[in-house]
Each structure stands twice: as C-alpha cells, then as structure tokens.
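A.B. asks: Okay, handing you the structure first.
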Amino acid sequence: MSFSSVDLVNMGRDCARDRGAVCSNRALPAQASAPGSHRVSRAGPAGGFLSCEIPLPVAGFPLLWRVLTPLAMATPRVRFAPSPSGYLHIGGARTALFSWLWARGQGGQFILRVEDTDQERSSVDSVAAVLDGMKWLGLDWDEGPEVGGPNGPYFQSERRVLYREKTDELIAKGHAYRCYCTKAELDAQREALKAKDPKAKFRYPGTCRDRSDTPDIPHVVRFKVPSSGRTEFKDLVFGVVSTPNDAQQDFVIVRPDGFPLYNLACVVDDHEMGITVVARGKDHIGNTPQQIMMYEALGWDVPDFAHLPLMLSSKGDKLSKRHAAVGVQDYRDRGFTPDGVLNYLARFGWSYGDQEIFTREELQKYFSWDRVGKADGKFDERKFADVAFEHLKRPELTGDDAYIAGTLRFLEKRGFESPSADLVARALSTIRDRAKSFEDAAWHLDFYFRDEPEMDAKASKKFLKPDNAQHLEGFHEIVADCDWDAEILEKAVTDWVAETGVKMKLVAQPARVALTGRSASPGLYDVMVLLGKERSLSRVLAGIEIAKQAGG
RNA sequence: GGUCCCAUCGUCUAGUGGUUAGGACACCGGCCUCUCACGCCGGGAACAGGGGUUCAAGUCCCCUUGGGAUCACCA
C-alpha cells in the first residue's frame with residue numbers, strides 16, 4: 001500500500017476528527033483504537049508517516065486484540081496522579097474532574113495515585129491537602145490512598161522495587177543503560193558549550209551509551225532513544241501528534257539514589273495499574289513520546305492519552321498563587337459549593353451545546369473527550385462567580401439543608417456561637433438570590449444575630465436624620481398595632497403612606513437602616529417578621545433617637 | 001533556537017461547506033421596585049491576515065502573523 005503525501009495528510013485529519021466517534025460509541029470498548037493508534041517507527045520520516053494508516057482499519061488490526069480483551073477492560077480505568085504540593089491546584093482539579101467524569105460516566109474506575117518520587121517536595125501534610133481537596137469536590141476514587149485496592153501501593157515512593165525490576169529489564173533488553181557522567185560534569189559541559197555558542201542547545205553527548213563495563217559506582221540510568229524515525233500517538237483531544245525521535249535525547253529514568261524519574265514511574269504504574277486512559281495537562285504532551293517509547297520497549301500496550309488545554313490566568317500566563325485562588329481549598333474557604341466549582345471547571349475547555357449549568361449527574365452523563373476543546377483558556381473570576389451563584393440560587397442545585405449548613409459555618413466564622421439553624425432556614429428565601437457565597441450569606445444575615453445591628457455610618461448619616469424622625473415615628477405607630485405578618489404589615493404601611501402622602505422611600509429607607517444598619521437589605525416586611533415584633537420595634541425606636549440627635 | 005500544539009465577541013464557548021455567525025459572563029440602556037438583589041426586555045461586541053480548493057469556506061489545504069507548551073539527575 002502506498003499513499004501520496006496528500007492522502008496521508010488527509011488520513012491524519014480523519015483520524016483526528018474520528019477521535020470522538022470512537023469514544024462515544026458505547027458498544028465498543030472505549031479504547032478500541034488504542035492498539036493501533038500509536039507506532040514507533042524507526043524507518044525514517046516516510047515510515048513515520050505511513051503509520052497514519054493504523055487508526056483507520058478499526059475492524060481489522062484491533063480485532064485480535066478485542067477478542068483477547070477481558071470484558072472488564074471494556075470500561076475505562078482512568079487515573080489522576082497528582083504530586084503532593086500542599087494544595088490541590090484548580091487546574092489539577094479540572095484534570096481530575098474530566099478523568100473522574102469519564103470513569104463514572106462510562107461505568108469504569110477512577111484511580112488516585114500519588115506521585116511523590118520527589119522526596120524534597122512531598123510531605124504527609126501536603127498529601128493530605130490534596131486528598132482533602134478531592135474529597136471536598138466529591139471526586140471519589142475506587143482505588144488509591146485510604147481506600148486501597150488490588151494494585152497498590154498507591155504512593156510511588158512505596159513502589160521502588162517495581163521500578164527497579166523494570167529498569168533492570170530495560171537494561172537487559174538494551175533499551176537503557178547506566179550512565180556514570182555526574183551532574184557536575186554535565187553542567188560543566190553545558191557551561192562550556194554556552195560559552196562557545198550562547199544559542200546552542202546542550203544535549204547529552206551519549207558518553208556512556210555504548211560503554212561496556214558496568215562498575216558498581218554511583219550512576220543514573222538513561223533510556224536509549226532511537227536516533228531516527230518518528231513516534232506518534234492519537235490523542236483523544238488533539239488527534240494525531242507526531243514527533244521526530246531525534247528531538248529527544250537519552251533521558252534519565254533513574255537517579256543515583258535509585259529513585260525513578262517521572263517518565264519511568266508513570267509508565268510502570270499506569271501499566272501495572274491497568275490504566276486505559278491517561279488524562280493530564282497539555283504541558284505533558286511533550287513527554288508522551290518518551291513514555292510511548294518505554295511502553296514499546298517493555299512490550300506493553302499503550303493507553304489512550306487525553307491532553308487537556310491549559311488553564312491560564314486572566315492575563316494569559318501560568319495560573320499561579322499570585323492570581324488569587326489556585327487551590328480548591330480557597331474556594332471552600334470562600335464559601336462556594338463544590339458543585340458550583342465543578343460546573344465552572346467542567347465548562348472550561350468542555351461544552352455541551354448552549355448549556356451552562358449542570359448537575360454533577362448531567363456532567364457524568366454528557367461528558368466525552370470529543371467535546372473537549374484544544375485551545376488554552378483564561379480563568380475568568382466573574383464567570384466563575386456567576387456559575388457559583390447560579391448553583392446557590394437554585395434549590396435543585398444546592399438543597400436547603402446544604403445551604404443552611406454552609407451558611408452556619410460562616411456565621412460561626414463571624415463569631416456567632418451556635419447560630420440558629422431555624423432562623424437561617426426561615427431567612428433562606430430572602431437571601432438565595434442575593435448571596436454570592438455562603439460567606440456572603442452569613443454577611444447578609446449578620447444583623448439578625450446581634451442585639452443591635454452594626455450601623456453603617458454612611459447609611460445612618462443619609463437616612464437617620466432629623467427630617468426623617470417623624471416618618472419613623474409614624475411608621476412605628478402604625479406597625480406597633482399590627483399582627484406580625486408580612487402581608488398585614490405591608491398593607492398597613494402602604495395604606496398609611498397613601499393617606500398621608502408621604503413618599504414610601506422616606507419611610508422605608510430610614511426604617512431599613514434602623515432595622516438592619518444598612519441601606520440595602522431584603523424586603524422590609526420579611527426582615528421585620530424574621531426579626532420579631534419586639535426587636536423590630538425597639539430598633540425602630542432606637543433609630544428614631546439617632547435621627548433626632550443627628551445634626552443637632 | 002529545536003520540537004510540539006493552538007487561533008470565533010473583552011472572557012468561556014456553539015458551529016463539523018450553504019447560519020441574519022448562536023449562547024453564557026462582563027458591559028450599556030429600559031422595565032419591575034421600599035433599598036439591594038433576583039427576574040424580564042433590548043443593545044453594542046468576534047470568525048488574526050493572505051493565498052488556494054469549491055457553485056459555495058468561520059468550517060478543507062498552504063503560507064504568514066500571533067500565542068502557548070516543552071527541551072532537567074521536577075512532575
């Protein structure tokens with residue numbers, strides 16, 4: 001079979017466009033195309049291109065594989081593999097979410113694995129923080145820390161024996177070798193090159209590549225990268241990605257202290273844990289070829305890869321702590337709901353027609369890789385706030401009990417001891433479409449929990465002034481005679497205002513400030529009912545005093 | 001610099017050759033109104049540029065430009 005270059009290019013495109021079709025066909029194993037979707041070619045550029053033919057005969061090449069595939073593998077095993085950094089990054093949370101959605105939506109498994117091979121960066125606390133973030137978001141895992149599972153341990157630092165075995169195998173097969181060059185030596189060479197030619201890019205010169213003796217002195221282990229050909233794979237999001245092998249150098253897979261590096265540990269674990277879909281940030285797309293080389297060298301099936309476009313700051317650079325909240329814990333601490341956060345995250349790089357608001361069940365049902373976009377995006381605080389708010393507004397998204405519990409937490413934070421859940425419950429309907437977060441909700445309810453409202457100076461100055469004192473007195477007189485019911489109060493006040501010809505505003509605003517200490521609040525009569533007759537009347541009286549004394 | 005990737009309103013996006021280019025956030029008007037919100041109605045706002053292919057291109061191809069990622073004994 002031969003193709004013109006145009007044909008080949010077109011075929012590659014077809015591959016890319018088919019990515020969704022393969023995945024969304026539930027009758028097939030989700031990764032039906034996996035075995036044919038990658039190839040390491042060592043025959044030069046032309047051979048590399050030819051591998052484009054592989055994804056096409058879906059019914060051909062993968063047939064044998066399908067027959068041999070255990071039924072259980074028809075559903076995906078997706079992992080999230082964070083490194084413990086002290087908090088769950090919002091971008092990492094999105095990767096976790098997409099992975100989790102795919103696993104849950106397809107009836108597969110979601111595996112959590114901690115990549116703590118870098119001892120300097122990990123600690124018990126930082127692992128706990130990541131786990132906390134996952135738990136708060138409700139991204140539960142079937143295998144991993146705390147829950148265990150048949151493929152444990154789920155901490156890379158506890159799997160060193162395994163990496164050692166595979167490294168030995170790689171060396172025995174001639175795919176890896178010991179390198180005795182020290183970091184200091186290499187750095188010196190790097191410097192020397194830089195001095196000679198500032199623009200030159202240093203590459204490991206292959207000093208130990210063909211060394212025949214293997215003395216037992218400190219060394220790293222390097223993977224022997226093929227010097228020609230191309231490595232390519234079919235990404236679930238990006239389609240076919242093809243890289244020349246000579247763009248790689250013999251990369252280190254084991255450090256002198258015996259600890260594996262990311263690429264090795266990742267490949268060994270993903271294989272040993274039976275992972276079928278590797279989803280991660282697009283910043284990993286560059287070492288995917290290296291990993292595929294290792295899969296091939298070890299004779300293993302290559303999983304599907306799904307690289308996610310990056311979540312950037314509003315300015316377009318890397319989203320870091322400097323740009324407000326990057327840890328999911330921050331969102332919890334600011335009083336948002338996990339579902340609201342998840343909803344925003346889901347819509348970031350993924351879409352489902354014009355729908356903006358989703359329940360987590362809908363997310364599971366609708367999610368698929370072919371609806372994931374390719375372009376990086378900028379985090380938008382305001383859009384996030386809106387999505388989060390939408391979740392707070394709708395009782396079907398945030399139930400009354402959850403709302404009350406969330407608000408109580410923040411009332412306590414404001415210093416109120418065991419605030420009344422009953423009062424919050426009764427006030428709920430008046431704050432649902434006002435509070436942007438539970439923290440905000442607690443602020444809105446603040447004045448109910450104090451003996452005296454905290455008086456806003458501006459509001460007081462503007463409305464509690466001598467001119468309004470008589471209006472407030474009239475108001476007091478009218479409501480004092482009423483049964484304490486919102487409708488009755490409203491009618492009484494409205495009628496009185498109509499009779500006397502006083503502007504409603506001149507009554508309502510001073511009354512509001514007297515009752516709440518603020519110039520903005522939920523409806524006056526609702527507030528009065530929740531406050532109770534006694535407290536309402538005394539606050540109005542107090543307001544009258546303030547008004548009389550103001551300016552005089 | 002090499003390699004890889006990306007490109008529709010300010011932002012998140014719909015769009016798979018034929019659309020008045022749709023939605024959401026934000027913004028600007030208006031309505032509602034005891035304030036603030038909510039809600040409702042309306043408005044401005046985008047296919048980076050240039051070549052092809054085609055009867056027809058935001059959609060396919062190429063180039064340019066712009067942006068990003070990555071080139072570690074980090075992950």
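FYI, nothing fancy with the structure tokens labels: chains A, B, ... in order, residues from 1 per chain, ligands from 1 as they appear.
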Residues of range 313-521 of chain A in strand (DSSP E or B) according to DSSP, as an MDAnalysis selection string?
C.D. replies: chainID A and resid 318 327 350 352 355 372 377:378
A.B. asks: Suppose we keep all heavy atoms; can you now write the selection as an mmCIF file, in the first residue's frame?
C.D. replies:
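Final file, result.cif:
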data_model
loop_
_atom_site.group_PDB
_atom_site.id
_atom_site.type_symbol
_atom_site.label_atom_id
_atom_site.label_comp_id
_atom_site.auth_asym_id
_atom_site.auth_seq_id
_atom_site.Cartn_x
_atom_site.Cartn_y
_atom_site.Cartn_z
ATOM 1 N N LYS A 318 0.837 31.658 33.232
ATOM 2 C CA LYS A 318 0.561 30.483 34.040
ATOM 3 C C LYS A 318 -0.222 30.863 35.293
ATOM 4 O O LYS A 318 0.090 31.834 35.969
ATOM 5 C CB LYS A 318 1.884 29.814 34.429
ATOM 6 C CG LYS A 318 1.727 28.377 34.801
ATOM 7 C CD LYS A 318 3.080 27.662 34.776
ATOM 8 C CE LYS A 318 2.906 26.169 35.046
ATOM 9 N NZ LYS A 318 4.187 25.456 34.977
ATOM 10 N N GLY A 327 -5.854 27.182 44.778
ATOM 11 C CA GLY A 327 -6.122 25.942 45.497
ATOM 12 C C GLY A 327 -7.615 25.747 45.661
ATOM 13 O O GLY A 327 -8.337 26.704 45.921
ATOM 14 N N TRP A 350 -14.585 22.465 27.989
ATOM 15 C CA TRP A 350 -15.554 21.460 27.564
ATOM 16 C C TRP A 350 -16.898 22.158 27.413
ATOM 17 O O TRP A 350 -17.175 23.129 28.119
ATOM 18 C CB TRP A 350 -15.668 20.343 28.612
ATOM 19 C CG TRP A 350 -16.747 19.332 28.317
ATOM 20 C CD1 TRP A 350 -16.656 18.246 27.502
ATOM 21 C CD2 TRP A 350 -18.079 19.336 28.841
ATOM 22 N NE1 TRP A 350 -17.852 17.565 27.487
ATOM 23 C CE2 TRP A 350 -18.738 18.204 28.290
ATOM 24 C CE3 TRP A 350 -18.792 20.165 29.719
ATOM 25 C CZ2 TRP A 350 -20.070 17.882 28.591
ATOM 26 C CZ3 TRP A 350 -20.128 19.851 30.014
ATOM 27 C CH2 TRP A 350 -20.737 18.716 29.456
ATOM 28 N N TYR A 352 -21.274 21.658 26.095
ATOM 29 C CA TYR A 352 -22.355 20.781 25.694
ATOM 30 C C TYR A 352 -23.434 21.679 25.112
ATOM 31 O O TYR A 352 -24.341 22.117 25.812
ATOM 32 C CB TYR A 352 -22.873 19.992 26.904
ATOM 33 C CG TYR A 352 -23.835 18.895 26.549
ATOM 34 C CD1 TYR A 352 -23.371 17.712 25.977
ATOM 35 C CD2 TYR A 352 -25.202 19.043 26.788
ATOM 36 C CE1 TYR A 352 -24.250 16.699 25.640
ATOM 37 C CE2 TYR A 352 -26.084 18.034 26.458
ATOM 38 C CZ TYR A 352 -25.601 16.867 25.884
ATOM 39 O OH TYR A 352 -26.481 15.858 25.550
ATOM 40 N N GLN A 355 -25.717 24.773 26.858
ATOM 41 C CA GLN A 355 -25.978 24.630 28.290
ATOM 42 C C GLN A 355 -24.800 25.106 29.130
ATOM 43 O O GLN A 355 -23.641 24.822 28.823
ATOM 44 C CB GLN A 355 -26.283 23.155 28.608
ATOM 45 C CG GLN A 355 -26.775 22.950 30.025
ATOM 46 C CD GLN A 355 -27.309 21.549 30.263
ATOM 47 O OE1 GLN A 355 -27.588 20.791 29.330
ATOM 48 N NE2 GLN A 355 -27.467 21.185 31.533
ATOM 49 N N VAL A 372 -14.167 18.195 24.158
ATOM 50 C CA VAL A 372 -13.138 18.996 24.822
ATOM 51 C C VAL A 372 -12.411 19.819 23.761
ATOM 52 O O VAL A 372 -12.008 19.283 22.734
ATOM 53 C CB VAL A 372 -12.125 18.096 25.559
ATOM 54 C CG1 VAL A 372 -11.004 18.946 26.168
ATOM 55 C CG2 VAL A 372 -12.824 17.285 26.647
ATOM 56 N N GLY A 377 -7.248 28.358 27.769
ATOM 57 C CA GLY A 377 -8.214 29.377 28.151
ATOM 58 C C GLY A 377 -7.749 30.190 29.333
ATOM 59 O O GLY A 377 -6.782 29.834 30.005
ATOM 60 N N LYS A 378 -8.407 31.303 29.549
ATOM 61 C CA LYS A 378 -8.074 32.157 30.680
ATOM 62 C C LYS A 378 -9.159 32.048 31.746
ATOM 63 O O LYS A 378 -10.344 32.141 31.427
ATOM 64 C CB LYS A 378 -7.958 33.615 30.220
ATOM 65 C CG LYS A 378 -6.844 33.840 29.220
ATOM 66 C CD LYS A 378 -6.883 35.258 28.688
ATOM 67 C CE LYS A 378 -5.834 35.445 27.599
ATOM 68 N NZ LYS A 378 -5.957 36.733 26.915
#
A.B. asks: Would you list the contacts of U70 in chain B as a PyMOL selection string, taking every protein, DNA or RNA residue within 10 Å and counting only C-alpha atoms (C1' of nucleotides), but skipping same-chain residues closer than 3 positions in sequence?
C.D. replies: (chain A and resi 282-287) or (chain B and resi 3-4)
A.B. asks: Figure out the distance between CA of Glu185 in chain A and CA of Cys266 in chain A, please, to one decimal in Å.
C.D. replies: 27.9 Å
A.B. asks: My list of candidates is A:Leu472, A:Val241, A:Leu445, A:Val124. Which is closest to Arg432 in chain A when distances are computed with only C-alpha atoms?
C.D. replies: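 Distance minimum relative to Arg432 in chain A lands on A:Leu445.
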A.B. asks: Could you write out as a compact mmCIF listing (two decimals) with N, CA, C and O atoms (P, O5', C5', C4', C3', O3' and C1' of nucleotides), in the first residue's frame the residues of chain B within 12 Å of chain A, counting only C-alpha atoms (C1' of nucleotides)?
C.D. replies:
# COMPACT_ATOMS: atom_id res chain seq x y z
P G B 1 13.53 32.21 17.45
O5' G B 1 14.59 31.00 17.50
C5' G B 1 15.67 30.91 16.57
C4' G B 1 16.43 29.65 16.85
C3' G B 1 15.59 28.37 16.74
O3' G B 1 15.57 27.88 15.41
C1' G B 1 16.76 28.37 18.81
P G B 2 14.25 27.12 14.91
O5' G B 2 14.41 25.69 15.58
C5' G B 2 15.40 24.79 15.07
C4' G B 2 15.28 23.48 15.80
C3' G B 2 13.89 22.87 15.80
O3' G B 2 13.64 22.12 14.63
C1' G B 2 14.74 22.86 18.01
P U B 3 12.17 22.06 14.06
O5' U B 3 11.41 21.22 15.18
C5' U B 3 11.75 19.86 15.41
C4' U B 3 10.96 19.34 16.58
C3' U B 3 9.46 19.56 16.51
O3' U B 3 8.81 18.57 15.71
C1' U B 3 10.24 20.21 18.64
P C B 4 7.50 18.98 14.93
O5' C B 4 6.41 19.06 16.09
C5' C B 4 6.10 17.91 16.86
C4' C B 4 5.24 18.29 18.02
C3' C B 4 3.97 19.07 17.69
O3' C B 4 2.93 18.23 17.21
C1' C B 4 5.04 20.08 19.53
P C B 5 1.88 18.88 16.19
O5' C B 5 1.01 19.81 17.15
C5' C B 5 0.31 19.25 18.24
C4' C B 5 -0.24 20.34 19.12
C3' C B 5 -1.13 21.37 18.45
O3' C B 5 -2.43 20.88 18.25
C1' C B 5 0.39 22.47 19.88
P C B 6 -3.32 21.48 17.07
O5' C B 6 -3.79 22.87 17.67
C5' C B 6 -4.55 22.91 18.87
C4' C B 6 -4.63 24.32 19.39
C3' C B 6 -5.28 25.34 18.47
O3' C B 6 -6.69 25.28 18.58
C1' C B 6 -3.28 26.24 19.35
P A B 7 -7.55 25.87 17.31
O5' A B 7 -7.32 27.45 17.47
C5' A B 7 -7.69 28.10 18.72
C4' A B 7 -7.69 29.61 18.50
C3' A B 7 -8.56 30.01 17.31
O3' A B 7 -9.66 30.87 17.51
C1' A B 7 -6.26 30.60 16.93
P U B 8 -10.11 31.60 18.73
O5' U B 8 -11.38 32.36 18.15
C5' U B 8 -11.28 32.93 16.83
C4' U B 8 -12.63 33.47 16.46
C3' U B 8 -13.37 34.17 17.59
O3' U B 8 -12.95 35.51 17.71
C1' U B 8 -14.83 32.64 16.54
P G B 10 -13.31 41.26 21.21
O5' G B 10 -12.88 41.27 22.74
C5' G B 10 -11.57 41.69 23.10
C4' G B 10 -11.43 41.52 24.59
C3' G B 10 -11.68 40.09 25.07
O3' G B 10 -10.49 39.34 25.04
C1' G B 10 -13.03 41.60 26.32
P U B 11 -10.53 37.80 24.71
O5' U B 11 -11.26 37.24 26.01
C5' U B 11 -10.55 37.08 27.24
C4' U B 11 -11.41 36.31 28.22
C3' U B 11 -11.93 34.99 27.69
O3' U B 11 -10.97 33.95 27.85
C1' U B 11 -13.72 36.19 28.61
P C B 12 -11.01 32.71 26.86
O5' C B 12 -12.27 31.92 27.40
C5' C B 12 -12.24 31.31 28.70
C4' C B 12 -13.51 30.54 28.91
C3' C B 12 -13.87 29.59 27.77
O3' C B 12 -13.16 28.37 27.88
C1' C B 12 -15.78 30.85 28.36
P U B 13 -12.88 27.56 26.56
O5' U B 13 -14.36 27.23 26.09
C5' U B 13 -14.70 27.11 24.74
C4' U B 13 -16.19 27.20 24.61
C3' U B 13 -16.74 26.87 23.23
O3' U B 13 -16.88 25.46 23.09
C1' U B 13 -17.74 28.86 24.03
P A B 14 -16.83 24.85 21.63
O5' A B 14 -18.30 25.21 21.11
C5' A B 14 -19.43 24.71 21.82
C4' A B 14 -20.69 25.02 21.05
C3' A B 14 -20.68 24.63 19.58
O3' A B 14 -20.95 23.26 19.42
C1' A B 14 -21.68 26.76 19.88
P G B 15 -20.13 22.40 18.38
O5' G B 15 -20.50 23.10 17.01
C5' G B 15 -21.90 23.22 16.62
C4' G B 15 -21.98 24.24 15.49
C3' G B 15 -21.22 23.72 14.28
O3' G B 15 -22.03 23.69 13.12
C1' G B 15 -20.53 25.93 14.91
P U B 16 -22.55 22.38 12.52
O5' U B 16 -21.19 22.08 11.82
C5' U B 16 -21.17 21.03 10.92
C4' U B 16 -19.76 20.92 10.53
C3' U B 16 -19.53 19.68 9.68
O3' U B 16 -19.74 20.10 8.31
C1' U B 16 -18.08 19.62 11.53
P G B 22 -25.78 35.54 15.72
O5' G B 22 -26.51 34.81 16.92
C5' G B 22 -27.62 33.95 16.66
C4' G B 22 -27.58 32.77 17.60
C3' G B 22 -27.21 33.11 19.03
O3' G B 22 -28.31 33.63 19.77
C1' G B 22 -25.93 31.30 18.33
P G B 23 -28.03 34.69 20.92
O5' G B 23 -27.56 33.75 22.11
C5' G B 23 -28.40 32.70 22.55
C4' G B 23 -27.67 31.83 23.55
C3' G B 23 -27.10 32.56 24.74
O3' G B 23 -28.07 32.78 25.74
C1' G B 23 -25.47 31.09 23.87
P A B 24 -27.92 34.05 26.69
O5' A B 24 -26.68 33.64 27.61
C5' A B 24 -26.81 32.54 28.52
C4' A B 24 -25.50 32.34 29.24
C3' A B 24 -24.92 33.60 29.87
O3' A B 24 -25.51 33.88 31.13
C1' A B 24 -23.24 32.48 28.66
P C B 25 -25.57 35.38 31.63
O5' C B 25 -24.06 35.68 32.02
C5' C B 25 -23.42 34.95 33.06
C4' C B 25 -21.97 35.37 33.17
C3' C B 25 -21.74 36.86 33.33
O3' C B 25 -21.90 37.27 34.67
C1' C B 25 -20.26 36.00 31.70
P A B 26 -22.51 38.73 34.97
O5' A B 26 -21.43 39.69 34.29
C5' A B 26 -20.15 39.83 34.88
C4' A B 26 -19.29 40.73 34.00
C3' A B 26 -19.90 42.07 33.64
O3' A B 26 -19.73 43.01 34.68
C1' A B 26 -19.00 41.07 31.71
P U B 33 -43.82 48.26 40.11
O5' U B 33 -42.87 48.42 41.37
C5' U B 33 -42.82 47.41 42.37
C4' U B 33 -41.60 47.62 43.21
C3' U B 33 -41.51 48.98 43.87
O3' U B 33 -42.20 48.97 45.11
C1' U B 33 -39.45 48.44 42.79
P C B 34 -42.52 50.33 45.85
O5' C B 34 -41.17 50.63 46.63
C5' C B 34 -40.95 51.87 47.28
C4' C B 34 -39.84 51.73 48.27
C3' C B 34 -38.69 50.86 47.77
O3' C B 34 -37.79 51.66 47.03
C1' C B 34 -39.31 50.18 49.95
P U B 35 -37.06 51.12 45.78
O5' U B 35 -35.57 50.89 46.29
C5' U B 35 -34.81 51.99 46.80
C4' U B 35 -33.64 51.43 47.58
C3' U B 35 -32.81 50.42 46.83
O3' U B 35 -31.84 51.06 46.03
C1' U B 35 -33.28 49.61 49.00
P C B 36 -31.42 50.38 44.66
O5' C B 36 -30.63 49.09 45.13
C5' C B 36 -29.45 49.21 45.95
C4' C B 36 -29.00 47.84 46.37
C3' C B 36 -28.98 46.81 45.26
O3' C B 36 -27.79 46.93 44.51
C1' C B 36 -30.02 45.88 47.18
P A B 37 -27.72 46.26 43.06
O5' A B 37 -27.77 44.72 43.47
C5' A B 37 -28.34 43.78 42.60
C4' A B 37 -28.63 42.53 43.38
C3' A B 37 -29.32 41.47 42.57
O3' A B 37 -28.36 40.69 41.87
C1' A B 37 -30.54 41.83 44.55
P C B 38 -28.61 40.42 40.31
O5' C B 38 -29.85 39.40 40.34
C5' C B 38 -29.79 38.23 41.15
C4' C B 38 -31.17 37.62 41.26
C3' C B 38 -31.89 37.46 39.93
O3' C B 38 -31.48 36.29 39.26
C1' C B 38 -33.36 38.41 41.52
P G B 39 -31.38 36.30 37.68
O5' G B 39 -32.88 36.60 37.24
C5' G B 39 -33.92 35.68 37.53
C4' G B 39 -35.24 36.25 37.12
C3' G B 39 -35.30 36.76 35.68
O3' G B 39 -35.56 35.71 34.77
C1' G B 39 -36.20 38.41 37.13
P C B 60 -11.74 22.87 9.16
O5' C B 60 -11.40 22.35 7.69
C5' C B 60 -11.62 20.99 7.34
C4' C B 60 -10.98 20.71 6.01
C3' C B 60 -9.60 21.31 5.84
O3' C B 60 -8.60 20.48 6.40
C1' C B 60 -10.91 21.81 3.95
P C B 61 -7.24 21.13 6.91
O5' C B 61 -6.48 21.43 5.54
C5' C B 61 -6.03 20.36 4.73
C4' C B 61 -5.21 20.91 3.59
C3' C B 61 -4.13 21.89 4.01
O3' C B 61 -2.94 21.22 4.40
C1' C B 61 -5.39 22.83 2.25
P C B 62 -1.98 21.95 5.45
O5' C B 62 -1.31 23.08 4.56
C5' C B 62 -0.47 22.73 3.47
C4' C B 62 0.01 23.98 2.79
C3' C B 62 0.64 25.01 3.71
O3' C B 62 2.00 24.74 3.98
C1' C B 62 -0.90 26.08 2.28
P G B 67 3.24 37.13 20.42
O5' G B 67 2.38 35.96 21.08
C5' G B 67 1.27 36.29 21.91
C4' G B 67 0.51 35.04 22.28
C3' G B 67 1.29 33.98 23.04
O3' G B 67 1.41 34.29 24.41
C1' G B 67 0.02 32.94 21.33
P G B 68 2.74 33.83 25.15
O5' G B 68 2.45 32.29 25.41
C5' G B 68 1.32 31.90 26.16
C4' G B 68 1.08 30.42 26.01
C3' G B 68 2.21 29.51 26.42
O3' G B 68 2.26 29.34 27.82
C1' G B 68 1.30 28.75 24.38
P A B 69 3.65 28.91 28.50
O5' A B 69 3.76 27.38 28.08
C5' A B 69 2.81 26.44 28.58
C4' A B 69 3.10 25.10 27.97
C3' A B 69 4.50 24.57 28.22
O3' A B 69 4.59 23.94 29.47
C1' A B 69 3.95 24.33 25.93
P U B 70 5.97 23.99 30.27
O5' U B 70 6.86 23.00 29.41
C5' U B 70 6.49 21.63 29.24
C4' U B 70 7.36 21.02 28.18
C3' U B 70 8.85 21.21 28.42
O3' U B 70 9.33 20.20 29.30
C1' U B 70 8.34 21.75 26.17
P C B 71 10.80 20.26 29.86
O5' C B 71 11.57 19.65 28.60
C5' C B 71 12.90 19.25 28.69
C4' C B 71 13.54 19.33 27.34
C3' C B 71 14.85 20.08 27.35
O3' C B 71 15.91 19.23 27.78
C1' C B 71 13.56 20.83 25.54
P A B 72 16.69 19.65 29.03
O5' A B 72 16.88 18.19 29.65
C5' A B 72 16.17 17.81 30.74
C4' A B 72 17.07 17.76 31.96
C3' A B 72 16.61 16.59 32.84
O3' A B 72 17.60 15.64 33.17
C1' A B 72 16.23 18.74 33.91
P C B 73 18.98 15.91 33.53
O5' C B 73 18.86 15.07 34.87
C5' C B 73 17.81 14.12 35.01
C4' C B 73 17.68 13.86 36.50
C3' C B 73 17.74 15.21 37.26
O3' C B 73 16.52 15.49 37.91
C1' C B 73 19.54 13.68 37.90
P C B 74 16.01 15.42 39.29
O5' C B 74 14.81 16.46 39.29
C5' C B 74 13.59 16.07 38.62
C4' C B 74 12.47 16.74 39.33
C3' C B 74 11.13 16.08 39.15
O3' C B 74 10.98 15.05 40.10
C1' C B 74 10.94 18.39 38.72
P A B 75 10.29 13.68 39.69
O5' A B 75 8.79 14.11 39.46
C5' A B 75 7.96 14.53 40.54
C4' A B 75 6.73 15.18 39.96
C3' A B 75 5.92 14.29 39.04
O3' A B 75 5.01 13.47 39.74
C1' A B 75 6.32 16.35 37.97
A.B. asks: Check the DSSP output for the backbone and give back, as a PyMOL selection string, the residues of range 237-482 of chain A in helix (DSSP H, G or I).
C.D. replies: chain A and resi 245-247+262-272+282-298+328-333+338-347+360-366+369-371+381-393+400-413+421-431+438-449+457-463+466-480
